[in-house]
>>> print(open('final_27.cif').read())   # mmCIF, C-alpha atoms
data_my_file
loop_
_atom_site.label_atom_id
_atom_site.label_comp_id
_atom_site.auth_asym_id
_atom_site.auth_seq_id
_atom_site.Cartn_x
_atom_site.Cartn_y
_atom_site.Cartn_z
CA MET F 1 46.47 -41.46 -44.65
CA ILE F 2 42.87 -41.76 -45.80
CA ASN F 3 41.72 -43.08 -42.41
CA ALA F 4 43.60 -40.33 -40.58
CA TRP F 5 41.98 -37.69 -42.79
CA ARG F 6 38.54 -39.13 -42.15
CA ILE F 7 39.16 -39.03 -38.40
CA ASN F 8 40.39 -35.46 -38.59
CA GLY F 9 37.39 -34.48 -40.73
CA ASN F 10 35.02 -36.05 -38.26
CA SER F 11 36.82 -34.33 -35.40
CA ARG F 12 36.42 -30.98 -37.09
CA TYR F 13 32.72 -31.63 -37.62
CA ILE F 14 32.27 -32.60 -33.97
CA LEU F 15 34.23 -29.57 -32.81
CA ASN F 16 32.05 -27.30 -34.93
CA ILE F 17 28.88 -28.81 -33.44
CA CYS F 18 30.26 -28.47 -29.89
CA GLY F 19 31.14 -24.83 -30.57
CA MET F 20 27.62 -24.10 -31.72
CA VAL F 21 26.14 -25.79 -28.64
CA LEU F 22 28.41 -23.81 -26.31
CA CYS F 23 27.53 -20.58 -28.09
CA LEU F 24 23.81 -21.26 -27.75
CA ALA F 25 24.24 -22.15 -24.07
CA GLY F 26 26.12 -18.89 -23.48
CA CYS F 27 23.34 -16.91 -25.16
CA ALA F 28 20.75 -18.66 -23.03
CA GLN F 29 22.71 -17.79 -19.89
CA ASP F 30 22.94 -14.17 -20.98
CA ASN F 31 19.21 -14.08 -21.55
CA GLY F 32 18.64 -15.57 -18.09
CA ALA F 33 20.87 -12.93 -16.52
CA ASP F 34 18.95 -10.20 -18.29
CA THR F 35 15.69 -11.67 -17.04
CA GLN F 36 16.96 -11.69 -13.46
CA ASN F 37 17.97 -8.05 -13.73
CA GLU F 38 14.54 -7.08 -15.02
CA PRO F 39 12.28 -5.48 -12.39
CA ASP F 40 9.88 -7.78 -10.57
CA THR F 41 6.56 -6.28 -11.59
CA GLN F 42 4.69 -8.14 -8.85
CA ASN F 43 6.91 -6.73 -6.10
CA GLU F 44 6.87 -3.26 -7.64
CA GLN F 45 3.10 -3.14 -7.39
CA MET F 46 3.51 -2.38 -3.67
CA ALA F 47 4.83 1.14 -3.08
CA GLN F 48 7.27 1.69 -0.20
CA PRO F 49 7.41 5.23 1.23
CA LYS F 50 10.08 5.90 3.84
CA MET F 51 7.80 6.26 6.85
CA THR F 52 6.10 4.24 9.55
CA LEU F 53 2.35 4.11 10.14
CA TRP F 54 2.60 6.67 12.94
CA GLN F 55 4.69 9.02 10.81
CA ALA F 56 2.08 8.74 8.06
CA ILE F 57 -0.73 9.46 10.55
CA ASP F 58 1.14 12.55 11.79
CA ALA F 59 1.90 13.78 8.26
CA LEU F 60 -1.50 13.26 6.63
CA PRO F 61 -3.40 16.04 8.52
CA ARG F 62 -0.85 18.50 7.11
CA GLN F 63 -2.22 17.61 3.66
CA ILE F 64 -5.71 18.94 4.49
CA PRO F 65 -7.60 19.75 2.33
CA PHE F 66 -6.97 16.28 0.96
CA THR F 67 -6.36 16.04 -2.77
CA LYS F 68 -5.40 13.15 -5.03
CA ILE F 69 -1.97 14.63 -5.79
CA ARG F 70 -1.11 15.42 -2.16
CA ILE F 71 -1.93 11.91 -0.95
CA GLU F 72 -0.10 10.30 -3.86
CA ARG F 73 3.05 12.30 -3.16
CA LEU F 74 3.05 11.63 0.57
CA LEU F 75 2.32 7.90 0.44
CA SER F 76 4.03 7.10 -2.90
CA ALA F 77 0.69 5.59 -3.92
CA GLU F 78 -1.23 5.74 -7.17
CA LEU F 79 -4.85 6.77 -6.67
CA VAL F 80 -7.42 5.77 -9.26
CA GLU F 81 -10.91 7.25 -9.42
CA THR F 82 -13.64 4.67 -9.06
CA ASP F 83 -17.41 4.77 -9.40
CA GLU F 84 -17.93 1.99 -6.84
CA GLY F 85 -19.53 4.48 -4.46
CA GLY F 86 -22.06 5.50 -7.08
CA ASN F 87 -22.35 8.97 -5.54
CA ASP F 88 -23.09 12.05 -7.67
CA LEU F 89 -21.85 14.38 -4.93
CA LEU F 90 -18.49 12.75 -4.16
CA ARG F 91 -15.49 11.50 -6.11
CA PHE F 92 -14.09 8.20 -4.83
CA PHE F 93 -10.45 7.15 -5.17
CA LYS F 94 -8.70 3.90 -4.29
CA SER F 95 -5.02 2.95 -4.36
CA ASN F 96 -2.47 0.21 -4.84
CA ARG F 97 -0.93 -1.42 -1.75
CA VAL F 98 1.68 0.50 0.23
CA LYS F 99 4.21 -1.13 2.56
CA LEU F 100 5.46 1.06 5.40
CA LEU F 101 8.81 0.83 7.19
CA ASP F 102 7.36 -0.85 10.29
CA GLY F 103 5.86 -3.70 8.28
CA VAL F 104 2.35 -2.28 8.29
CA VAL F 105 0.71 -2.50 4.86
CA ILE F 106 -1.83 0.03 3.66
CA GLU F 107 -4.07 -2.34 1.72
CA ASN F 108 -6.03 0.55 0.24
CA VAL F 109 -6.29 4.33 0.48
CA ASP F 110 -9.95 5.35 0.34
CA LEU F 111 -10.17 9.05 -0.52
CA ARG F 112 -13.48 10.90 -0.94
CA ILE F 113 -13.77 14.48 -2.18
CA LYS F 114 -16.77 16.60 -3.14
CA ARG F 115 -17.26 17.02 -6.87
CA VAL F 116 -18.17 20.70 -6.55
CA GLY F 117 -17.07 23.35 -4.07
CA PRO F 118 -14.42 23.48 -1.35
CA ASP F 119 -14.02 20.35 0.71
CA PRO F 120 -11.39 19.11 3.21
CA GLY F 121 -12.03 15.54 2.03
CA PHE F 122 -12.38 12.27 3.93
CA LEU F 123 -9.65 9.64 4.07
CA VAL F 124 -9.46 6.03 5.25
CA LEU F 125 -6.39 3.80 5.32
CA ASP F 126 -7.24 0.08 5.29
CA THR F 127 -4.39 -1.61 7.13
CA GLY F 128 -2.81 -5.06 7.25
CA GLY F 129 0.66 -6.55 7.57
CA SER F 130 2.22 -6.17 11.02
CA CYS F 131 -0.42 -6.23 13.75
CA VAL F 132 -1.13 -2.90 15.48
CA THR F 133 -3.01 -3.42 18.74
CA ILE F 134 -5.26 -1.05 20.65
CA GLU F 135 -2.46 -0.81 23.22
CA ASP F 136 -0.17 0.47 20.46
CA VAL F 137 -2.78 3.09 19.54
CA ARG F 138 -3.11 4.22 23.17
CA LEU F 139 0.63 4.82 23.34
CA HIS F 140 0.11 7.59 20.78
CA TYR F 141 -3.45 8.72 21.55
CA LYS F 142 -4.64 8.45 25.15
CA ASN F 143 -8.00 10.22 24.91
CA LEU F 144 -9.97 7.67 22.93
CA ARG F 145 -13.69 7.08 23.03
CA ILE F 146 -15.69 4.32 21.35
CA THR F 147 -17.81 5.84 18.57
CA ASP F 148 -18.99 2.71 16.76
CA ARG F 149 -19.72 -0.85 17.86
CA PRO F 150 -20.53 -4.08 16.00
CA ARG F 151 -24.22 -5.01 15.84
CA GLY F 152 -23.71 -8.72 15.25
CA ARG F 153 -24.54 -8.60 11.55
CA SER F 154 -21.13 -9.22 10.04
CA LEU F 155 -17.51 -10.02 10.89
CA GLU F 156 -16.61 -6.94 8.84
CA GLU F 157 -18.21 -4.62 11.42
CA VAL F 158 -15.77 -2.57 13.47
CA THR F 159 -15.24 -1.14 16.89
CA SER F 160 -14.04 2.44 16.34
CA HIS F 161 -11.82 4.23 18.85
CA THR F 162 -11.85 7.97 18.14
CA THR F 163 -9.91 11.00 19.31
CA THR F 164 -10.71 14.64 18.54
CA LEU F 165 -7.82 16.78 17.34
CA SER F 166 -7.52 20.42 16.30
CA TRP F 167 -8.11 19.54 12.62
CA GLY F 168 -10.93 17.00 13.11
CA THR F 169 -11.39 13.42 14.29
CA LEU F 170 -9.08 10.44 13.94
CA SER F 171 -10.61 6.97 14.27
CA PHE F 172 -9.00 3.55 14.63
CA GLY F 173 -11.15 0.61 13.53
CA PHE F 174 -10.86 -3.00 14.72
CA LYS F 175 -12.94 -5.57 12.81
CA GLU F 176 -14.82 -8.39 14.48
CA ARG F 177 -12.96 -10.76 12.17
CA ASN F 178 -9.71 -9.95 13.99
CA ARG F 179 -10.35 -7.84 17.09
CA LYS F 180 -6.68 -7.68 18.11
CA CYS F 181 -5.27 -5.99 15.01
CA LEU F 182 -5.96 -2.57 13.54
CA ALA F 183 -8.03 -2.71 10.34
CA SER F 184 -8.44 0.96 9.42
CA VAL F 185 -7.53 4.55 10.24
CA ALA F 186 -10.04 7.26 9.30
CA PHE F 187 -9.33 11.00 8.98
CA ASP F 188 -12.42 13.21 9.14
CA PRO F 189 -11.57 16.92 8.95
CA THR F 190 -15.24 17.85 8.50
CA SER F 191 -16.01 17.12 12.13
CA ALA F 192 -13.33 19.45 13.49
CA LYS F 193 -14.26 21.40 16.59
CA THR F 194 -13.02 24.78 17.68
CA GLY F 195 -10.44 24.86 20.47
CA ASP F 196 -7.57 22.58 21.31
CA GLY F 197 -7.69 18.92 20.35
CA SER F 198 -7.67 16.35 23.10
CA GLY F 199 -5.32 13.89 21.43
CA GLU F 200 -1.60 13.94 21.95
#
>>> encode(input="final_27.cif", output="structure tokens")
Amino acid sequence: MINAWRINGNSRYILNICGMVLCLAGCAQDNGADTQNEPDTQNEQMAQPKMTLWQAIDALPRQIPFTKIRIERLLSAELVETDEGGNDLLRFFKSNRVKLLDGVVIENVDLRIKRVGPDPGFLVLDTGGSCVTIEDVRLHYKNLRITDRPRGRSLEEVTSHTTTLSWGTLSFGFKERNRKCLASVAFDPTSAKTGDGSGE
């Protein structure tokens, strides 16, 4: 009887320990599940508007005069003012990364607006992700002219292909570092000419 009681007592002790271990394991699993359901802050740093690069290029001129709020709403991007330009006449804004539906990534939105007085603004999209070739650009804009060429000083220099539209000029930049893929798209409303634009 005494031995049987000791065995049963030990069994109860072991069962209690096992129960505690299982309980702790269950809590750990629950915590893991909660962690998995938490948003991935790294992935959320890249905004994802529901448009392609070409849809963005078509929509952006309708936001002229460019403002911080208009660009943020259209591109689902957060623009932050920066003093990197060091210019007393202009305000400079940069953005987080934006991934478009066609795989093109806007690495940065560079927005420049006068500090005082009316201004249509100046906007550059630095692009990456899926490669956009000059042939792709020509499918959308046939009347292109070269307005800037590399001078052999840096791989960051660009060849700019520009078209004139009713609202201003639109330029597509290809860096020497990677001549095949589009590196930037610049919107310059200040250089608009009277009459019909030549781009399609």
>>> residues_around(input="final_27.cif", residues="F:Arg153", least_positions_apart="5", cutoff="12 Å", atoms="only C-alpha atoms", output="list in words")
Val158, Glu176 and Arg177 of chain F
>>> closest_residue(input="final_27.cif", among="F:Asp148, F:Glu81, F:Asp58, F:Glu135", to="F:Arg112", atoms="all atoms listed in the file")
F:Glu81
>>> resolve_selection(input="final_27.cif", expression="the PyMOL selection byres ((chain F and resi 74) around 10)", output="list in words")
Pro49, Lys50, Met51, Ala56, Ala59, Leu60, Gln63, Ile69, Arg70, Ile71, Glu72, Arg73, Leu75, Ser76 and Ala77 of chain F
>>> atom_distance(input="final_27.cif", atom1="atom CA of F:Val109", atom2="atom CA of F:Gly152")
26.3 Å
>>> closest_residue(input="final_27.cif", among="F:Val185, F:Ile146, F:Leu165, F:Val80", to="F:Val132", atoms="all atoms listed in the file")
F:Val185
>>> closest_residue(input="final_27.cif", among="F:Ser154, F:Asn143, F:Thr169, F:Ser130", to="F:Cys181", atoms="only C-alpha atoms")
F:Ser130
>>> atom_distance(input="final_27.cif", atom1="atom CA of F:Ala47", atom2="atom CA of F:Val98")
4.6 Å
>>> atom_distance(input="final_27.cif", atom1="atom CA of F:Lys94", atom2="atom CA of F:Asp126")
10.4 Å
>>> decode(input="final_27.cif", residues="stretch 42-147 of chain F", atoms="C-alpha atoms", output="compact mmCIF listing (two decimals), in the first residue's frame")
# COMPACT_ATOMS: atom_id res chain seq x y z
CA GLN F 42 9.88 46.24 -43.61
CA ASN F 43 7.44 45.29 -46.38
CA GLU F 44 5.03 48.06 -45.41
CA GLN F 45 7.73 50.66 -45.95
CA MET F 46 7.11 50.31 -49.70
CA ALA F 47 3.78 51.84 -50.74
CA GLN F 48 1.77 50.11 -53.48
CA PRO F 49 -0.66 52.32 -55.43
CA LYS F 50 -2.93 50.56 -57.91
CA MET F 51 -1.35 51.86 -61.10
CA THR F 52 1.41 51.11 -63.57
CA LEU F 53 4.28 53.46 -64.41
CA TRP F 54 2.50 54.66 -67.55
CA GLN F 55 -0.73 55.29 -65.67
CA ALA F 56 1.23 57.31 -63.11
CA ILE F 57 2.92 59.31 -65.89
CA ASP F 58 -0.48 60.06 -67.45
CA ALA F 59 -2.05 61.01 -64.11
CA LEU F 60 0.70 63.21 -62.68
CA PRO F 61 0.31 66.18 -65.12
CA ARG F 62 -3.30 66.45 -63.93
CA GLN F 63 -1.88 67.31 -60.49
CA ILE F 64 -0.18 70.49 -61.78
CA PRO F 65 0.54 72.71 -59.92
CA PHE F 66 2.36 70.01 -57.98
CA THR F 67 1.88 70.05 -54.22
CA LYS F 68 3.03 67.70 -51.47
CA ILE F 69 -0.53 66.57 -50.70
CA ARG F 70 -1.51 65.96 -54.34
CA ILE F 71 1.54 63.79 -55.04
CA GLU F 72 1.13 61.88 -51.78
CA ARG F 73 -2.50 61.07 -52.55
CA LEU F 74 -1.84 59.96 -56.12
CA LEU F 75 1.22 57.81 -55.46
CA SER F 76 0.33 56.63 -51.91
CA ALA F 77 3.75 57.97 -50.93
CA GLU F 78 4.88 59.92 -47.89
CA LEU F 79 6.86 63.03 -48.82
CA VAL F 80 9.28 64.48 -46.30
CA GLU F 81 10.83 67.93 -46.64
CA THR F 82 14.60 67.86 -46.78
CA ASP F 83 17.28 70.54 -46.75
CA GLU F 84 19.68 68.47 -48.87
CA GLY F 85 19.28 70.94 -51.73
CA GLY F 86 20.31 73.83 -49.50
CA ASN F 87 18.25 76.25 -51.58
CA ASP F 88 16.59 79.32 -50.02
CA LEU F 89 14.24 79.70 -53.00
CA LEU F 90 12.93 76.13 -53.24
CA ARG F 91 11.48 73.53 -50.91
CA PHE F 92 12.75 70.00 -51.55
CA PHE F 93 10.79 66.84 -50.78
CA LYS F 94 11.76 63.17 -51.00
CA SER F 95 9.70 60.02 -50.50
CA ASN F 96 9.67 56.40 -49.41
CA ARG F 97 9.81 53.68 -52.07
CA VAL F 98 6.69 52.97 -54.13
CA LYS F 99 6.07 49.69 -55.98
CA LEU F 100 3.82 49.95 -59.04
CA LEU F 101 1.62 47.22 -60.50
CA ASP F 102 3.98 46.49 -63.41
CA GLY F 103 6.91 45.78 -61.09
CA VAL F 104 8.52 49.18 -61.59
CA VAL F 105 9.69 50.70 -58.29
CA ILE F 106 9.76 54.43 -57.71
CA GLU F 107 12.91 54.57 -55.59
CA ASN F 108 12.31 58.21 -54.73
CA VAL F 109 9.95 61.06 -55.58
CA ASP F 110 11.93 64.30 -55.87
CA LEU F 111 9.53 67.24 -55.63
CA ARG F 112 10.68 70.87 -55.75
CA ILE F 113 8.40 73.84 -55.11
CA LYS F 114 9.11 77.56 -54.73
CA ARG F 115 8.98 78.81 -51.16
CA VAL F 116 7.17 82.01 -52.12
CA GLY F 117 4.70 82.76 -54.89
CA PRO F 118 2.81 80.61 -57.40
CA ASP F 119 4.75 77.74 -58.91
CA PRO F 120 3.80 74.66 -60.97
CA GLY F 121 6.63 72.74 -59.30
CA PHE F 122 9.20 70.31 -60.68
CA LEU F 123 9.00 66.55 -60.20
CA VAL F 124 11.37 63.64 -60.79
CA LEU F 125 10.64 59.94 -60.27
CA ASP F 126 13.78 57.86 -59.72
CA THR F 127 12.93 54.41 -61.05
CA GLY F 128 14.12 50.85 -60.51
CA GLY F 129 12.61 47.38 -60.33
CA SER F 130 11.39 46.02 -63.67
CA CYS F 131 13.51 47.31 -66.55
CA VAL F 132 11.86 49.90 -68.82
CA THR F 133 13.76 50.26 -72.09
CA ILE F 134 13.91 53.16 -74.52
CA GLU F 135 11.83 51.01 -76.88
CA ASP F 136 9.14 50.83 -74.19
CA VAL F 137 9.22 54.64 -73.89
CA ARG F 138 8.89 55.07 -77.67
CA LEU F 139 5.75 52.94 -77.65
CA HIS F 140 4.11 55.70 -75.60
CA TYR F 141 5.99 58.80 -76.81
CA LYS F 142 7.24 58.81 -80.40
CA ASN F 143 8.48 62.39 -80.69
CA LEU F 144 11.56 62.22 -78.49
CA ARG F 145 14.69 64.31 -78.77
CA ILE F 146 17.93 63.95 -76.83
CA THR F 147 18.32 66.94 -74.49
